[in-house]
Amino acid sequence: MERAYERFLRYVAVPTASDEESTTVPTTQTQFVLAHKLVEEMKGLGISDAEVDEQCYVYGHIPASKGYEQKPQIGFIAHMDTVSDFAEHQVQPIIHENYDGSDVELGSSGRKLETKIFTHLPKLAGRSLITTDGTTILGADDKAGIAEILTLVERLTAENIPHGPISVGFTPDEEVGQGADHFDVERFGAAFAYTVDGGSEDELEYENFNASEAKIDVTGFNVHPGSSKDIMTNAAVVAMEINEALPKGQTPRDTEGYEGFFHLESMSGTVEKATLSYIIRDHDEAAFTRREQILTEICDRMNEKYGAGTVKLTIREQYRNMAEKIKECFHLIENAGQAMRNVGLEPVTLPIRGGTDGARLSFMGLPCPNLGTGAYAGHGPYEHITIEGMDKTVDVLTEIVKIYAK
């Protein structure tokens with residue numbers, strides 16, 4: 001059998017960054033390259049109906065073992081795209097065998113994994129650590145999940161493990177919030193599923209933020225500064241005033257756990273035009289709604305102060321807290337927790353300070369909590385994972401299949 005990390009090293013060599021500014025589906029054509037490679041591999045593993053559709057969604061089904069046809073059909077899902085930051089050139093992973101738990105230099109980039117920042121590192125001592133060279137992301141989010149799912153598929157046959165019907169799905173564009181947009185739940189066919197898209201291998205998540213993105217466009221009025229009293233409206237200054245009006249201490253830097261936030265992702269501005277892009281997050285639905293109201297009220301005040309049409313606010317919902325859907329079928333959490341304990345892990349259930357495809361899919365009729373992949377520090381050059389952590393995730397997936405086959 002091929003180990004999960006060996007697959008992973010192949011996948012990260014394929015660039016698949018999605019593009020938030022793109023209007024195509026998928027947002028980048030490079031995602032098709034990996035999708036077609038995965039379909040070929042899936043067919044080689046015996047998934048005869050594996051295919052990629054015109055929107056870059058990969059589907060495949062594993063028939064039940066003889067006598068297990070009536071068992072629940074379970075699914076496993078991961079996403080093929082990565083973030084676009086630090087994805088300008090090909091990933092060059094570095095394997096640190098028998099890692100000693102101390103700081104790690106990331107190639108010749110000048111960056112390092114420091115234990116004072118990444119305090120979990122000493123716990124990884126003795127493992128084989130996979131890092132970047134400090135110039136790119138690694139791609140463990142979420143090519144590790146893909147590798148672990150397909151290693152599970154190979155194990156089921158290699159070890160002759162009885163199982164019910166299984167669905168496998170890989171999505172594009174998760175990193176730009178569009179991974180579930182065109183997912184065909186009926187075609188996927190499972191009664192419920194797990195996304196394999198989390199952090200450490202003991203993570204079991206079913207609560208996530210309610211989430212929306214907010215774009216604020218400010219239109220200024222530009223005249224010569226020497227004769228602009230009571231005439232000029234400086235769009236860049238109005239944009240700064242909007243941000244200053246937000247509640248203090250409610251940014252990602254200031255919050256943790258179930259606490260929500262306003263996060264200014266980007267801004268640009270001149271006297272004539274300025275733009276602010278935010279994401280709004282909160283686990284509590286009422287608090288989340290209030291956050292959207294706060295931003296609306298601030299923009300309304302700016303229009304009263306500077307004139308109608310000065311500020312335009314556009315809010316787009318991204319995903320909702322899947323907890324309300326998962327609680328209706330809590331066996332998903334109980335069985336995954338038991339699977340972890342079966343392989344020597346104690347499940348860590350924490351609220352996701354973000355979202356996954358599973359959040360959207362749960363509201364589309366496919367209850368879908370999230371499992372860890374063994375990865376850490378995603379979305380940047382400090383991303384890392386261990387070979388042993390990936391192996392353990394495969395063990396967890398295997399146990400889940402066994403439990404649902406009973």
# chains A, B, ... in the order shown; residues from 1 in each chain; ligands from 1

call {"tool": "select_by_dssp", "arguments": {"residues": "region 114-210 of chain A", "states": "helix (DSSP H, G or I)", "output": "PyMOL selection string"}}
result
chain A and resi 121-124+140-158+174-176+185-188

call {"tool": "closest_atom_pairs", "arguments": {"of": "region 171-271 of chain A", "to": "region 63-71 of chain A", "cutoff": "12 Å", "atoms": "only C-alpha atoms", "output": "CSV"}}
result
residue,atom,partner,partner_atom,distance
A:Gly189,CA,A:Pro63,CA,11.6
A:Ala190,CA,A:Lys71,CA,11.1
A:Ala191,CA,A:Lys71,CA,10.5

call {"tool": "closest_atom_pairs", "arguments": {"of": "region 175-257 of chain A", "to": "region 325-335 of chain A", "cutoff": "9 Å", "atoms": "only C-alpha atoms", "output": "Markdown table"}}
result
| residue | atom | partner | partner_atom | distance |
| --- | --- | --- | --- | --- |
| A:Phe192 | CA | A:Leu332 | CA | 8.2 |
| A:Ala193 | CA | A:Leu332 | CA | 8.4 |
| A:Tyr194 | CA | A:Leu332 | CA | 8.4 |
| A:Leu204 | CA | A:Ile333 | CA | 7.5 |
| A:Glu205 | CA | A:Ile333 | CA | 8.3 |
| A:Tyr206 | CA | A:Ile326 | CA | 6.7 |
| A:Glu207 | CA | A:Ile326 | CA | 8.6 |

call {"tool": "write_last_selection", "arguments": {"atoms": "C-alpha atoms", "output": "mmCIF file, in the first residue's frame"}}
result
data_model
loop_
_atom_site.group_PDB
_atom_site.id
_atom_site.type_symbol
_atom_site.label_atom_id
_atom_site.label_comp_id
_atom_site.auth_asym_id
_atom_site.auth_seq_id
_atom_site.Cartn_x
_atom_site.Cartn_y
_atom_site.Cartn_z
ATOM 1 C CA PHE A 192 -24.262 11.834 5.533
ATOM 2 C CA ALA A 193 -20.555 12.539 5.190
ATOM 3 C CA TYR A 194 -17.391 13.883 6.790
ATOM 4 C CA LEU A 204 -13.618 16.598 15.589
ATOM 5 C CA GLU A 205 -15.635 19.679 14.659
ATOM 6 C CA TYR A 206 -19.315 20.345 14.145
ATOM 7 C CA GLU A 207 -19.699 23.984 15.195
#

call {"tool": "closest_residue", "arguments": {"among": "A:Leu264, A:Ala211, A:Ala339, A:Ala144", "to": "Arg281 (chain A)", "atoms": "only C-alpha atoms"}}
result
A:Ala211

call {"tool": "residues_around", "arguments": {"residues": "region 375-385 of chain A", "least_positions_apart": "2", "cutoff": "7 Å", "atoms": "only C-alpha atoms", "output": "PyMOL selection string"}}
result
chain A and resi 83+85-86+113+129-132+134-138+140-141+199-200+373+387

call {"tool": "residues_around", "arguments": {"residues": "Phe221 (chain A)", "least_positions_apart": "3", "cutoff": "6 Å", "atoms": "only C-alpha atoms", "output": "list in words"}}
result
Met232, Thr233 and Glu272 of chain A

call {"tool": "write_last_selection", "arguments": {"atoms": "N, CA and C atoms", "output": "tab-separated table (two decimals), in the first residue's frame"}}
result
chain	number	residue	atom	x	y	z
A	232	MET	N	-15.12	69.21	-0.67
A	232	MET	CA	-14.45	67.91	-0.88
A	232	MET	C	-14.99	66.84	0.07
A	233	THR	N	-15.15	65.63	-0.50
A	233	THR	CA	-15.36	64.43	0.30
A	233	THR	C	-14.25	63.46	-0.06
A	272	GLU	N	-11.07	60.10	-4.65
A	272	GLU	CA	-12.30	59.87	-5.40
A	272	GLU	C	-12.99	58.56	-5.10

call {"tool": "closest_residue", "arguments": {"among": "A:Lys229, A:Lys112, A:Arg341, A:Lys248", "to": "Asp395 (chain A)", "atoms": "only C-alpha atoms"}}
result
A:Arg341

call {"tool": "closest_residue", "arguments": {"among": "A:Lys305, A:Arg290, A:His263, A:His182", "to": "Leu361 (chain A)", "atoms": "only C-alpha atoms"}}
result
A:His182

call {"tool": "closest_residue", "arguments": {"among": "A:Gly110, A:Gly164, A:Gly145, A:Pro172", "to": "Thr195 (chain A)", "atoms": "only C-alpha atoms"}}
result
A:Gly145

call {"tool": "closest_residue", "arguments": {"among": "A:Asp197, A:Glu105, A:Glu154, A:Asp181", "to": "Thr82 (chain A)", "atoms": "only C-alpha atoms"}}
result
A:Asp197

call {"tool": "residues_around", "arguments": {"residues": "Phe288 (chain A)", "least_positions_apart": "4", "cutoff": "10 Å", "atoms": "only C-alpha atoms", "output": "PyMOL selection string"}}
result
chain A and resi 209-212+260-261+280-284+292-294+320

call {"tool": "atom_distance", "arguments": {"atom1": "CA of Asn208 (chain A)", "atom2": "CA of Pro369 (chain A)"}}
result
9.7 Å

call {"tool": "residues_around", "arguments": {"residues": "Asp100 (chain A)", "least_positions_apart": "4", "cutoff": "9 Å", "atoms": "only C-alpha atoms", "output": "list in words"}}
result
Pro122, Leu124, Ala125, Gly126 and Arg127 of chain A

call {"tool": "closest_residue", "arguments": {"among": "A:Glu201, A:Thr398, A:Gly107, A:Val91", "to": "Glu159 (chain A)", "atoms": "only C-alpha atoms"}}
result
A:Thr398

call {"tool": "residues_around", "arguments": {"residues": "Ala13 (chain A)", "least_positions_apart": "6", "cutoff": "9 Å", "atoms": "only C-alpha atoms", "output": "count of residues only"}}
result
4

call {"tool": "closest_atom_pairs", "arguments": {"of": "region 77-158 of chain A", "to": "region 35-47 of chain A", "cutoff": "12 Å", "atoms": "only C-alpha atoms", "output": "JSON lines"}}
result
{"residue": "A:Ala78", "atom": "CA", "partner": "A:Ala35", "partner_atom": "CA", "distance": 11.8}
{"residue": "A:His79", "atom": "CA", "partner": "A:Ala35", "partner_atom": "CA", "distance": 10.1}
{"residue": "A:Met80", "atom": "CA", "partner": "A:Ala35", "partner_atom": "CA", "distance": 7.5}
{"residue": "A:Asp81", "atom": "CA", "partner": "A:Ala35", "partner_atom": "CA", "distance": 10.0}
{"residue": "A:Lys143", "atom": "CA", "partner": "A:Leu38", "partner_atom": "CA", "distance": 11.0}
{"residue": "A:Ile146", "atom": "CA", "partner": "A:Leu38", "partner_atom": "CA", "distance": 8.9}
{"residue": "A:Ala147", "atom": "CA", "partner": "A:Leu38", "partner_atom": "CA", "distance": 9.8}
{"residue": "A:Ile149", "atom": "CA", "partner": "A:Met42", "partner_atom": "CA", "distance": 10.5}
{"residue": "A:Leu150", "atom": "CA", "partner": "A:Met42", "partner_atom": "CA", "distance": 7.4}
{"residue": "A:Thr151", "atom": "CA", "partner": "A:Leu45", "partner_atom": "CA", "distance": 9.5}
{"residue": "A:Leu152", "atom": "CA", "partner": "A:Leu45", "partner_atom": "CA", "distance": 10.4}
{"residue": "A:Val153", "atom": "CA", "partner": "A:Leu45", "partner_atom": "CA", "distance": 7.2}
{"residue": "A:Glu154", "atom": "CA", "partner": "A:Leu45", "partner_atom": "CA", "distance": 6.1}
{"residue": "A:Arg155", "atom": "CA", "partner": "A:Leu45", "partner_atom": "CA", "distance": 9.8}
{"residue": "A:Leu156", "atom": "CA", "partner": "A:Leu45", "partner_atom": "CA", "distance": 10.1}
{"residue": "A:Thr157", "atom": "CA", "partner": "A:Leu45", "partner_atom": "CA", "distance": 8.5}
{"residue": "A:Ala158", "atom": "CA", "partner": "A:Leu45", "partner_atom": "CA", "distance": 10.0}

call {"tool": "select_by_dssp", "arguments": {"residues": "region 211-266 of chain A", "states": "strand (DSSP E or B)", "output": "list in words"}}
result
Ala211, Ser212, Glu213, Ala214, Lys215, Ile216, Asp217, Val218, Thr219, Phe221, Thr233, Phe261, Phe262, His263, Leu264, Glu265 and Ser266 of chain A

call {"tool": "write_last_selection", "arguments": {"atoms": "C-alpha atoms", "output": "PDB file, in the first residue's frame"}}
result
ATOM      1  CA  ALA A 211     -20.189  33.975   8.101  1.00  0.00           C
ATOM      2  CA  SER A 212     -20.684  36.731   5.568  1.00  0.00           C
ATOM      3  CA  GLU A 213     -18.466  39.026   3.577  1.00  0.00           C
ATOM      4  CA  ALA A 214     -19.057  42.761   3.353  1.00  0.00           C
ATOM      5  CA  LYS A 215     -17.796  45.089   0.658  1.00  0.00           C
ATOM      6  CA  ILE A 216     -18.000  48.835   1.180  1.00  0.00           C
ATOM      7  CA  ASP A 217     -17.548  51.175  -1.778  1.00  0.00           C
ATOM      8  CA  VAL A 218     -17.017  54.839  -0.974  1.00  0.00           C
ATOM      9  CA  THR A 219     -17.436  57.533  -3.629  1.00  0.00           C
ATOM     10  CA  PHE A 221     -15.863  64.309  -4.419  1.00  0.00           C
ATOM     11  CA  THR A 233     -15.360  64.434   0.305  1.00  0.00           C
ATOM     12  CA  PHE A 261     -15.199  39.485  15.005  1.00  0.00           C
ATOM     13  CA  PHE A 262     -15.016  41.987  12.175  1.00  0.00           C
ATOM     14  CA  HIS A 263     -11.968  41.352   9.995  1.00  0.00           C
ATOM     15  CA  LEU A 264     -10.712  43.948   7.526  1.00  0.00           C
ATOM     16  CA  GLU A 265      -9.167  41.794   4.788  1.00  0.00           C
ATOM     17  CA  SER A 266      -8.187  44.530   2.348  1.00  0.00           C
TER      18      SER A 266
END

call {"tool": "atom_distance", "arguments": {"atom1": "CA of Lys402 (chain A)", "atom2": "CA of Tyr11 (chain A)"}}
result
27.4 Å
